[in-house]
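Dumped work00.cif below, it's mmCIF, C-alpha atoms and all ligand atoms:
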```cif
data_structure
#
loop_
_atom_site.group_PDB
_atom_site.id
_atom_site.type_symbol
_atom_site.label_atom_id
_atom_site.label_comp_id
_atom_site.auth_asym_id
_atom_site.auth_seq_id
_atom_site.Cartn_x
_atom_site.Cartn_y
_atom_site.Cartn_z
ATOM 1 C CA MET I 1 95.576 210.681 25.647
ATOM 2 C CA ALA I 2 98.542 213.029 25.103
ATOM 3 C CA ALA I 3 99.172 215.491 27.936
ATOM 4 C CA GLN I 4 98.006 219.034 27.228
ATOM 5 C CA PRO I 5 100.975 221.306 26.455
ATOM 6 C CA SER I 6 101.391 223.874 29.186
ATOM 7 C CA THR I 7 100.738 227.533 28.491
ATOM 8 C CA ILE I 8 103.776 229.821 28.666
ATOM 9 C CA ILE I 9 102.230 233.105 27.601
ATOM 10 C CA GLU I 10 98.736 234.489 27.768
ATOM 11 C CA ALA I 11 97.769 237.963 26.614
ATOM 12 C CA LYS I 12 94.217 238.786 27.706
ATOM 13 C CA ASP I 13 92.394 241.777 26.201
ATOM 14 C CA VAL I 14 95.627 243.758 26.078
ATOM 15 C CA ASP I 15 95.648 247.445 25.120
ATOM 16 C CA PHE I 16 98.809 249.490 25.261
ATOM 17 C CA TYR I 17 99.147 253.265 24.969
ATOM 18 C CA TYR I 18 102.575 254.904 25.040
ATOM 19 C CA PRO I 19 102.453 257.701 27.581
ATOM 20 C CA GLY I 20 102.970 261.017 25.793
ATOM 21 C CA GLY I 21 103.319 259.212 22.444
ATOM 22 C CA GLU I 22 102.832 261.289 19.316
ATOM 23 C CA ASP I 23 99.201 260.325 19.116
ATOM 24 C CA ALA I 24 98.133 259.683 22.683
ATOM 25 C CA ASP I 25 94.598 258.785 21.564
ATOM 26 C CA SER I 26 95.577 255.858 19.372
ATOM 27 C CA PRO I 27 96.884 252.749 21.093
ATOM 28 C CA ALA I 28 100.044 250.972 19.926
ATOM 29 C CA LEU I 29 98.141 247.722 20.618
ATOM 30 C CA SER I 30 94.466 247.056 21.210
ATOM 31 C CA GLY I 31 92.327 244.051 22.074
ATOM 32 C CA ILE I 32 95.134 241.507 21.858
ATOM 33 C CA ASN I 33 94.291 237.970 22.945
ATOM 34 C CA LEU I 34 96.974 235.364 22.354
ATOM 35 C CA THR I 35 98.144 232.143 23.983
ATOM 36 C CA VAL I 36 101.505 230.505 23.312
ATOM 37 C CA ASN I 37 102.258 226.999 24.564
ATOM 38 C CA GLN I 38 105.451 225.319 25.596
ATOM 39 C CA GLY I 39 107.629 224.411 22.616
ATOM 40 C CA GLU I 40 105.724 226.397 19.964
ATOM 41 C CA TYR I 41 107.698 228.327 17.344
ATOM 42 C CA VAL I 42 105.672 231.417 16.409
ATOM 43 C CA ALA I 43 106.558 234.042 13.809
ATOM 44 C CA LEU I 44 105.235 237.524 14.555
ATOM 45 C CA VAL I 45 104.811 239.500 11.349
ATOM 46 C CA GLY I 46 103.359 242.877 10.403
ATOM 47 C CA PRO I 47 104.074 246.190 8.679
ATOM 48 C CA ASN I 48 106.340 248.768 10.328
ATOM 49 C CA GLY I 49 104.654 250.353 13.308
ATOM 50 C CA SER I 50 102.091 247.542 13.682
ATOM 51 C CA GLY I 51 103.119 246.929 17.312
ATOM 52 C CA LYS I 52 105.454 243.894 17.085
ATOM 53 C CA THR I 53 108.257 245.314 19.231
ATOM 54 C CA THR I 54 105.747 246.744 21.697
ATOM 55 C CA PHE I 55 104.165 243.307 22.033
ATOM 56 C CA LEU I 56 107.495 241.577 22.734
ATOM 57 C CA LYS I 57 108.305 244.233 25.339
ATOM 58 C CA LEU I 58 104.975 243.520 27.040
ATOM 59 C CA LEU I 59 105.843 239.802 27.192
ATOM 60 C CA ASN I 60 109.200 240.600 28.789
ATOM 61 C CA ALA I 61 107.659 243.078 31.279
ATOM 62 C CA LEU I 62 109.684 245.944 29.795
ATOM 63 C CA LEU I 63 106.233 247.470 29.303
ATOM 64 C CA ILE I 64 103.049 246.811 31.284
ATOM 65 C CA PRO I 65 99.605 246.706 29.580
ATOM 66 C CA THR I 66 97.470 249.842 29.920
ATOM 67 C CA HIS I 67 94.416 247.557 30.049
ATOM 68 C CA GLY I 68 94.205 243.786 30.240
ATOM 69 C CA GLN I 69 96.835 241.371 31.415
ATOM 70 C CA VAL I 70 99.933 239.547 30.261
ATOM 71 C CA LEU I 71 100.558 236.298 32.132
ATOM 72 C CA VAL I 72 103.880 234.474 31.882
ATOM 73 C CA LYS I 73 103.421 230.961 33.274
ATOM 74 C CA GLY I 74 100.395 232.329 35.063
ATOM 75 C CA ILE I 75 102.290 235.251 36.655
ATOM 76 C CA SER I 76 101.067 238.751 35.820
ATOM 77 C CA THR I 77 103.842 240.969 34.406
ATOM 78 C CA ALA I 78 102.361 243.860 36.378
ATOM 79 C CA VAL I 79 103.563 242.471 39.714
ATOM 80 C CA GLU I 80 106.946 244.001 40.547
ATOM 81 C CA SER I 81 108.094 241.304 42.984
ATOM 82 C CA THR I 82 107.941 238.534 40.360
ATOM 83 C CA LEU I 83 109.680 240.450 37.521
ATOM 84 C CA PRO I 84 112.948 238.463 37.785
ATOM 85 C CA GLU I 85 111.016 235.203 37.288
ATOM 86 C CA VAL I 86 109.065 236.633 34.311
ATOM 87 C CA ARG I 87 112.340 237.749 32.699
ATOM 88 C CA ARG I 88 113.986 234.390 33.366
ATOM 89 C CA VAL I 89 111.102 232.512 31.712
ATOM 90 C CA CYS I 90 110.986 234.904 28.724
ATOM 91 C CA GLY I 91 114.431 235.998 27.551
ATOM 92 C CA MET I 92 114.721 238.642 24.836
ATOM 93 C CA ILE I 93 117.097 238.911 21.862
ATOM 94 C CA PHE I 94 117.244 242.255 20.059
ATOM 95 C CA GLN I 95 117.940 243.176 16.452
ATOM 96 C CA ASN I 96 121.396 244.606 17.024
ATOM 97 C CA PRO I 97 123.603 242.330 19.157
ATOM 98 C CA ASP I 98 125.995 245.246 19.737
ATOM 99 C CA ASN I 99 123.369 246.808 21.992
ATOM 100 C CA GLN I 100 122.994 243.595 24.002
ATOM 101 C CA LEU I 101 126.649 242.622 24.486
ATOM 102 C CA VAL I 102 128.081 244.657 27.345
ATOM 103 C CA ALA I 103 131.086 242.846 28.842
ATOM 104 C CA THR I 104 134.745 242.705 27.795
ATOM 105 C CA THR I 105 134.816 238.966 27.070
ATOM 106 C CA VAL I 106 132.298 236.472 25.698
ATOM 107 C CA GLU I 107 132.478 234.524 28.974
ATOM 108 C CA GLU I 108 131.575 237.575 31.084
ATOM 109 C CA ASP I 109 128.828 238.432 28.665
ATOM 110 C CA ILE I 110 127.163 235.038 28.904
ATOM 111 C CA ALA I 111 127.527 235.166 32.715
ATOM 112 C CA PHE I 112 126.030 238.666 33.011
ATOM 113 C CA GLY I 113 122.439 237.684 33.901
ATOM 114 C CA LEU I 114 123.587 234.941 36.277
ATOM 115 C CA GLU I 115 125.680 237.396 38.311
ATOM 116 C CA ASN I 116 122.479 238.895 39.679
ATOM 117 C CA LEU I 117 121.248 235.566 41.012
ATOM 118 C CA ALA I 118 123.810 235.318 43.852
ATOM 119 C CA LEU I 119 124.975 231.870 42.699
ATOM 120 C CA PRO I 120 128.356 230.457 43.796
ATOM 121 C CA PRO I 121 131.088 231.417 41.251
ATOM 122 C CA GLU I 122 131.751 227.745 40.475
ATOM 123 C CA GLU I 123 128.102 227.181 39.525
ATOM 124 C CA ILE I 124 128.190 230.288 37.297
ATOM 125 C CA ARG I 125 131.314 229.040 35.493
ATOM 126 C CA ASN I 126 129.772 225.582 35.002
ATOM 127 C CA ARG I 127 126.579 226.946 33.542
ATOM 128 C CA VAL I 128 128.438 229.369 31.253
ATOM 129 C CA PHE I 129 130.709 226.597 29.931
ATOM 130 C CA LYS I 130 127.822 224.199 29.362
ATOM 131 C CA THR I 131 125.843 226.844 27.480
ATOM 132 C CA ALA I 132 128.851 227.930 25.423
ATOM 133 C CA ALA I 133 129.514 224.315 24.448
ATOM 134 C CA LEU I 134 125.888 223.833 23.438
ATOM 135 C CA LEU I 135 126.111 226.825 21.073
ATOM 136 C CA GLY I 136 129.617 226.034 19.771
ATOM 137 C CA LEU I 137 131.114 229.113 21.453
ATOM 138 C CA GLU I 138 133.659 227.408 23.717
ATOM 139 C CA LYS I 139 136.660 228.557 21.656
ATOM 140 C CA LEU I 140 135.496 232.169 21.777
ATOM 141 C CA LEU I 141 135.027 232.521 25.547
ATOM 142 C CA SER I 142 138.069 234.723 26.128
ATOM 143 C CA GLN I 143 137.461 236.906 23.044
ATOM 144 C CA PRO I 144 136.109 240.447 23.234
ATOM 145 C CA PRO I 145 132.570 240.315 21.720
ATOM 146 C CA HIS I 146 133.222 243.228 19.331
ATOM 147 C CA LEU I 147 135.735 241.102 17.381
ATOM 148 C CA LEU I 148 133.159 238.427 16.487
ATOM 149 C CA SER I 149 131.113 238.130 13.293
ATOM 150 C CA GLY I 150 127.466 239.252 13.375
ATOM 151 C CA GLY I 151 126.208 235.654 13.549
ATOM 152 C CA GLU I 152 128.619 234.813 16.392
ATOM 153 C CA LYS I 153 127.587 237.942 18.305
ATOM 154 C CA GLN I 154 123.950 236.976 18.010
ATOM 155 C CA ARG I 155 124.800 233.451 19.222
ATOM 156 C CA VAL I 156 126.522 235.000 22.271
ATOM 157 C CA ALA I 157 123.378 237.057 22.942
ATOM 158 C CA ILE I 158 121.326 233.847 22.677
ATOM 159 C CA ALA I 159 123.750 232.118 25.085
ATOM 160 C CA GLY I 160 123.254 234.972 27.578
ATOM 161 C CA VAL I 161 119.516 234.282 27.501
ATOM 162 C CA LEU I 162 119.834 230.485 27.402
ATOM 163 C CA VAL I 163 122.078 230.344 30.465
ATOM 164 C CA MET I 164 119.111 231.636 32.486
ATOM 165 C CA GLU I 165 117.204 228.458 31.510
ATOM 166 C CA PRO I 166 114.322 230.262 29.773
ATOM 167 C CA GLU I 167 111.152 228.550 28.624
ATOM 168 C CA CYS I 168 110.494 231.090 25.876
ATOM 169 C CA ILE I 169 112.861 233.152 23.723
ATOM 170 C CA LEU I 170 111.565 236.429 22.291
ATOM 171 C CA MET I 171 113.476 237.634 19.229
ATOM 172 C CA ASP I 172 113.009 241.030 17.626
ATOM 173 C CA GLU I 173 114.264 240.788 14.030
ATOM 174 C CA PRO I 174 117.390 238.949 15.210
ATOM 175 C CA THR I 175 118.769 238.417 11.714
ATOM 176 C CA ALA I 176 118.106 241.870 10.247
ATOM 177 C CA MET I 177 121.732 242.988 10.637
ATOM 178 C CA LEU I 178 123.295 239.698 9.482
ATOM 179 C CA ASP I 179 124.621 238.384 6.180
ATOM 180 C CA PRO I 180 123.039 235.191 4.743
ATOM 181 C CA ALA I 181 125.542 232.890 6.514
ATOM 182 C CA GLY I 182 124.952 234.665 9.834
ATOM 183 C CA ARG I 183 121.192 234.424 9.332
ATOM 184 C CA ARG I 184 121.330 230.694 8.690
ATOM 185 C CA ASP I 185 123.602 230.235 11.698
ATOM 186 C CA VAL I 186 121.220 232.030 14.064
ATOM 187 C CA LEU I 187 118.078 230.392 12.648
ATOM 188 C CA ASN I 188 119.556 226.889 12.913
ATOM 189 C CA THR I 189 120.680 227.582 16.487
ATOM 190 C CA VAL I 190 117.230 228.744 17.538
ATOM 191 C CA ARG I 191 115.413 225.944 15.703
ATOM 192 C CA GLU I 192 117.579 223.346 17.485
ATOM 193 C CA LEU I 193 116.902 224.910 20.890
ATOM 194 C CA ASN I 194 113.206 224.913 20.083
ATOM 195 C CA ARG I 195 113.182 221.252 18.994
ATOM 196 C CA ASN I 196 115.689 219.718 21.396
ATOM 197 C CA ARG I 197 114.847 221.659 24.546
ATOM 198 C CA ASN I 198 111.197 222.405 23.867
ATOM 199 C CA ILE I 199 111.797 226.141 24.305
ATOM 200 C CA ALA I 200 108.996 228.266 22.851
ATOM 201 C CA VAL I 201 110.106 230.972 20.413
ATOM 202 C CA ILE I 202 108.360 234.146 19.332
ATOM 203 C CA HIS I 203 110.272 235.502 16.381
ATOM 204 C CA VAL I 204 109.545 238.899 14.863
ATOM 205 C CA THR I 205 110.646 238.905 11.250
ATOM 206 C CA HIS I 206 110.313 240.814 7.982
ATOM 207 C CA PHE I 207 111.603 237.838 5.992
ATOM 208 C CA PRO I 208 108.731 235.737 4.530
ATOM 209 C CA GLU I 209 111.062 232.700 4.292
ATOM 210 C CA GLU I 210 111.751 232.903 8.034
ATOM 211 C CA ALA I 211 108.051 233.181 8.856
ATOM 212 C CA ALA I 212 107.247 230.244 6.558
ATOM 213 C CA GLY I 213 109.764 228.081 8.433
ATOM 214 C CA THR I 214 107.918 228.358 11.778
ATOM 215 C CA ASP I 215 104.912 226.402 13.114
ATOM 216 C CA ARG I 216 102.505 229.300 13.452
ATOM 217 C CA VAL I 217 102.288 232.825 12.081
ATOM 218 C CA VAL I 218 100.653 235.679 13.970
ATOM 219 C CA ILE I 219 100.101 238.921 12.052
ATOM 220 C CA LEU I 220 99.664 242.325 13.628
ATOM 221 C CA ASN I 221 98.255 245.272 11.733
ATOM 222 C CA GLU I 222 97.716 248.738 13.197
ATOM 223 C CA GLY I 223 98.005 247.328 16.708
ATOM 224 C CA LYS I 224 95.422 244.591 16.202
ATOM 225 C CA LEU I 225 95.663 240.862 15.646
ATOM 226 C CA ALA I 226 95.006 240.360 11.929
ATOM 227 C CA ALA I 227 95.761 236.624 11.580
ATOM 228 C CA ASP I 228 96.836 233.648 13.650
ATOM 229 C CA GLY I 229 97.248 230.285 11.950
ATOM 230 C CA ALA I 230 99.467 227.532 10.595
ATOM 231 C CA SER I 231 102.440 229.025 8.720
ATOM 232 C CA ALA I 232 101.701 227.115 5.522
ATOM 233 C CA GLU I 233 98.200 228.584 5.443
ATOM 234 C CA VAL I 234 98.880 232.184 6.460
ATOM 235 C CA MET I 235 101.995 232.539 4.290
ATOM 236 C CA THR I 236 100.258 231.249 1.139
ATOM 237 C CA ASP I 237 97.273 233.620 1.422
ATOM 238 C CA LEU I 238 98.704 236.214 -0.946
ATOM 239 C CA GLN I 239 95.595 238.326 -1.296
ATOM 240 C CA PHE I 240 95.510 238.811 2.439
ATOM 241 C CA LEU I 241 99.270 239.432 2.764
ATOM 242 C CA HIS I 242 99.307 241.940 -0.122
ATOM 243 C CA GLY I 243 96.322 243.722 1.405
ATOM 244 C CA LEU I 244 98.486 244.490 4.440
ATOM 245 C CA GLY I 245 101.493 245.479 2.329
ATOM 246 C CA LEU I 246 103.265 242.185 3.126
ATOM 247 C CA GLN I 247 104.714 239.530 0.840
ATOM 248 C CA GLY I 248 104.680 235.768 0.529
ATOM 249 C CA THR I 249 107.838 233.741 0.073
ATOM 250 C CA THR I 250 109.607 233.980 -3.296
ATOM 251 C CA ALA I 251 108.041 230.640 -4.289
ATOM 252 C CA VAL I 252 104.535 231.777 -3.275
ATOM 253 C CA GLU I 253 104.879 235.011 -5.275
ATOM 254 C CA LEU I 254 106.280 233.257 -8.369
ATOM 255 C CA ALA I 255 103.721 230.435 -8.232
ATOM 256 C CA ALA I 256 100.933 233.038 -8.208
ATOM 257 C CA LEU I 257 102.337 234.693 -11.367
ATOM 258 C CA LEU I 258 102.756 231.325 -13.060
ATOM 259 C CA ARG I 259 99.158 230.356 -12.217
ATOM 260 C CA GLN I 260 98.006 233.623 -13.827
ATOM 261 C CA ASP I 261 99.865 232.431 -16.939
ATOM 262 C CA SER I 262 97.855 229.170 -16.799
ATOM 263 C CA PHE I 263 100.455 226.922 -15.204
ATOM 264 C CA PRO I 264 98.357 224.355 -13.293
ATOM 265 C CA LEU I 265 100.371 224.420 -10.050
ATOM 266 C CA PRO I 266 99.077 222.936 -6.786
ATOM 267 C CA PRO I 267 97.827 225.522 -4.248
ATOM 268 C CA GLN I 268 100.151 224.968 -1.265
ATOM 269 C CA ILE I 269 103.576 225.845 -2.696
ATOM 270 C CA LEU I 270 105.679 227.563 -0.029
ATOM 271 C CA TYR I 271 109.338 226.852 -0.752
ATOM 272 C CA ASN I 272 111.549 227.191 -3.847
ATOM 273 C CA ARG I 273 112.165 223.430 -3.883
ATOM 274 C CA GLU I 274 108.420 222.699 -4.057
ATOM 275 C CA LEU I 275 107.989 225.169 -6.922
ATOM 276 C CA VAL I 276 110.872 223.679 -8.888
ATOM 277 C CA ASP I 277 109.608 220.113 -8.328
ATOM 278 C CA SER I 278 106.099 221.089 -9.453
ATOM 279 C CA LEU I 279 107.410 222.815 -12.580
ATOM 280 C CA CYS I 280 109.611 219.819 -13.411
ATOM 281 C CA SER I 281 106.714 217.401 -13.102
ATOM 282 C CA LEU I 282 104.577 219.673 -15.333
ATOM 283 C CA GLY I 283 107.404 219.643 -17.897
ATOM 284 C CA GLN I 284 107.615 215.843 -17.791
ATOM 285 C CA ASN I 285 103.858 215.417 -18.190
ATOM 286 C CA SER I 286 103.526 217.735 -21.189
HETATM 287 N N1 LIG I 301 108.666 254.939 22.772
HETATM 288 C C1 LIG I 301 107.572 255.214 22.066
HETATM 289 N N2 LIG I 301 106.819 256.304 22.340
HETATM 290 C C2 LIG I 301 105.689 256.582 21.653
HETATM 291 N N3 LIG I 301 105.218 255.819 20.627
HETATM 292 C C3 LIG I 301 105.930 254.723 20.303
HETATM 293 C C4 LIG I 301 107.146 254.361 21.001
HETATM 294 N N4 LIG I 301 107.617 253.203 20.459
HETATM 295 C C5 LIG I 301 106.750 252.863 19.474
HETATM 296 N N5 LIG I 301 105.746 253.763 19.375
HETATM 297 C C6 LIG I 301 104.598 253.707 18.439
HETATM 298 O O1 LIG I 301 103.874 252.502 18.697
HETATM 299 C C7 LIG I 301 103.456 251.893 17.470
HETATM 300 C C8 LIG I 301 104.006 250.474 17.401
HETATM 301 O O2 LIG I 301 105.414 250.534 17.322
HETATM 302 P P1 LIG I 301 106.345 249.252 17.333
HETATM 303 O O3 LIG I 301 105.893 248.330 18.405
HETATM 304 O O4 LIG I 301 107.765 249.711 17.394
HETATM 305 O O5 LIG I 301 106.024 248.606 15.898
HETATM 306 P P2 LIG I 301 106.832 247.548 15.022
HETATM 307 O O6 LIG I 301 107.847 246.887 15.903
HETATM 308 O O7 LIG I 301 105.783 246.621 14.516
HETATM 309 O O8 LIG I 301 107.461 248.304 13.902
HETATM 310 C C9 LIG I 301 103.935 252.802 16.356
HETATM 311 O O9 LIG I 301 102.890 253.648 16.005
HETATM 312 C C10 LIG I 301 105.070 253.584 17.001
HETATM 313 O O10 LIG I 301 105.199 254.846 16.400
HETATM 314 MG MG MG I 302 109.954 246.718 15.715
#
```

So, in terms of structure tokens, how does the structure I just supplied come out?
Amino acid sequence: MAAQPSTIIEAKDVDFYYPGGEDADSPALSGINLTVNQGEYVALVGPNGSGKTTFLKLLNALLIPTHGQVLVKGISTAVESTLPEVRRVCGMIFQNPDNQLVATTVEEDIAFGLENLALPPEEIRNRVFKTAALLGLEKLLSQPPHLLSGGEKQRVAIAGVLVMEPECILMDEPTAMLDPAGRRDVLNTVRELNRNRNIAVIHVTHFPEEAAGTDRVVILNEGKLAADGASAEVMTDLQFLHGLGLQGTTAVELAALLRQDSFPLPPQILYNRELVDSLCSLGQNS
């Protein structure tokens, strides 16, 4: 029998209220129960203000639940003495890399988190070089981060998290500020880390194509869990997505219109390639 994957994150009956928030009576999150296992790639999707960023901050112990518990590898985020371990296990990447890159060179930036661990300087250098090589950043180590492209900056931010040997990477709309090449660059980097190193990823995104490319999609709406399922199922349920003001992928949206016009397309079309192949085979059969 295959070994059970180990649990990285467990949210148990989590409510979160912002102190002194605009509407102190309504929680930013309520009744959240969610488990994420080692090596899973989860997209976290939802309308603006649905609580996605708040949830990631709870997983990284930047916020502590008002009620309930968040456990990271079984450790409660509410315990101050174990915060460094929680933050090592769950590293966070933000939307704007400019807010995350703080040092004067790429090398110093990647080393930043390690400096607090009281490691010998030689060990720090070794780990920084190994991580930079893994992410194809070795030629940029002496560069000031502000001279890099958006995609490169985001890869440096990922390196700064990866050097801490995390078991889960939390990403809050990491590609929102990037051009298409930068987006592809960052997504490929993260997918490889997920596959090759079995690092779990929780990826907040507004892009349906990005959500469709993950293993599992979790949807938040008004602070509550609205869906949690296989990406191919959640992202093809257009009625449900539209009901929340969300969209399917381009192929899902187009296939729905074509079906309304009596094109007999199969139900599970997710990607452009699948739509084109289905249309071509219809054309050949007619
Ligand atoms: N610092 C804050 N103080 C008070 N309320 C906040 C704060 N940050 C977010 N909120 C509120 O919490 C809810 C969830 O916000 P957020 O987690 O940022 O949503 P999302 O990332 O899905 O857009 C929203 O209603 C938002 O207005
Ligand atoms: Mg947000």

message: With distances taken over all atoms listed in the file, which residue among I:Thr53, I:Thr189, I:Gln239, I:Asn33 lies nearest ligand MG 302 (chain I)?
response: I:Thr53

Within 9 Å of Leu225 (chain I), counting all atoms listed in the file, which residues show up once you throw out same-chain ones fewer than 5 positions away? Write them as a compact mmCIF listing (two decimals) with C-alpha atoms, in the frame of the given file, please.
```
# COMPACT_ATOMS: atom_id res chain seq x y z
CA LEU I 29 98.14 247.72 20.62
CA SER I 30 94.47 247.06 21.21
CA GLY I 31 92.33 244.05 22.07
CA ILE I 32 95.13 241.51 21.86
CA ASN I 33 94.29 237.97 22.94
CA LEU I 34 96.97 235.36 22.35
CA VAL I 218 100.65 235.68 13.97
CA ILE I 219 100.10 238.92 12.05
CA LEU I 220 99.66 242.32 13.63
```

Closest atom pairs, chain I residues within 8 Å of ligand MG 302 (chain I), all atoms listed in the file, as CSV:
```
residue,atom,partner,partner_atom,distance
I:Asn48,CA,I:MG302,MG,6.8
I:Gly49,CA,I:MG302,MG,6.9
I:Gly51,CA,I:MG302,MG,7.0
I:Lys52,CA,I:MG302,MG,5.5
I:Thr53,CA,I:MG302,MG,4.1
I:Thr54,CA,I:MG302,MG,7.3
I:Asp172,CA,I:MG302,MG,6.7
I:Glu173,CA,I:MG302,MG,7.5
I:Val204,CA,I:MG302,MG,7.9
```

Near-region 211-217 of chain I list (7 Å; all atoms listed in the file; drop same-chain fewer than 3 positions) as a PyMOL selection string: chain I and resi 40-44+205+207-208+228-232+234-235

Taking all atoms of region 213-232 of chain I that the file lists and extending 8 Å past them on each side, where is the centre of the axis-aligned box and how long are its edges? Answer in Å to one decimal, as AutoDock Vina command-line options.
```
--center_x 102.4 --center_y 237.6 --center_z 11.1 --size_x 30.8 --size_y 38.3 --size_z 27.2
```

message: Quick one: residues within 10 Å of Ser76 (chain I), only C-alpha atoms, excluding same-chain residues fewer than 4 positions away - as a PyMOL selection string?
response: chain I and resi 10-11+59+61+64+69-72+80+82-83+86

Atomic distance CA of Ile8 (chain I) - CA of Gly151 (chain I), expressed in Å with one decimal: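 So the answer is 27.7 Å.
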
- request: For the structure provided, state which residues fall under the PyMOL selection byres (((chain I and resi 199) around 8) and not hetatm), and present them as a ChimeraX atom specification.
  value: /I:38-40,166-169,193-195,197-198,200-201

Of the listed residues I:Met171, I:Leu254, I:Leu141, I:Leu114, that which approaches ligand LIG 301 (chain I) most closely, counting only C-alpha atoms and all ligand atoms: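 Smallest distance to ligand LIG 301 (chain I) is found for I:Met171.
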
query: Around (130.8, 235.9, 26.5) in the file's own coordinates, what residues are found within 10 Å if you use only C-alpha atoms, given back as a ChimeraX atom specification?
result: /I:101-112,128-129,132,137-138,140-145,153,155-157,159-160

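Among the candidates I:Met164, I:Ala28, I:Ile124, I:Leu257, the residue lying nearest to Val89 (chain I) is I:Met164 (atoms considered: only C-alpha atoms).
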
Residue IDs satisfying the PyMOL selection byres (((chain I and resi 236) around 7) and not hetatm), as a ChimeraX atom specification: /I:232-235,237-238,248,252,268,270

- prompt: Hey, can you check how far CA of Gly20 (chain I) sits from CA of Gly46 (chain I)?
  reply: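 Separation of CA of Gly20 (chain I) and CA of Gly46 (chain I): 23.8 Å.
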
message: Under the rule that all atoms listed in the file are counted, which of I:Lys12, I:His206, I:Tyr271, I:Leu147 is the nearest residue to ligand LIG 301 (chain I)?
response: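 Answer, going by the shortest atom-to-atom distance: I:His206.
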
query: If we count all atoms listed in the file, what is near Ser26 (chain I) at a cut-off of 10 Å, once residues fewer than 5 positions away on the same chain are taken out, given as a ChimeraX atom specification?
result: /I:16-18,21,222-223

statement: Using all atoms listed in the file, the shortest atom-to-atom distance to ligand LIG 301 (chain I) among I:Arg259, I:Arg273, I:His203, I:His146 belongs to I:His203

message: Neighbouring residues of Met177 (chain I) were defined as those with any atom within 10 Å, considering all atoms listed in the file; residues of the same chain fewer than 6 positions away were excluded. Please report them as a PyMOL selection string.
response: chain I and resi 95-97+150-151+154+183

task: For each of I:Ser281, I:Thr249, I:Ser50, I:Ser149, take the minimum atom-to-atom distance to ligand LIG 301 (chain I), counting all atoms listed in the file, then give the residue where this is smallest.
output: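 Going through I:Ser281, I:Thr249, I:Ser50, I:Ser149 one by one, the smallest distance to ligand LIG 301 (chain I) is for I:Ser50.
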
message: What's the separation between CA of Ile158 (chain I) and CA of Ile93 (chain I), in Å to one decimal place?
response: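 Atom-to-atom, CA of Ile158 (chain I) and CA of Ile93 (chain I) are spaced 6.6 Å apart.
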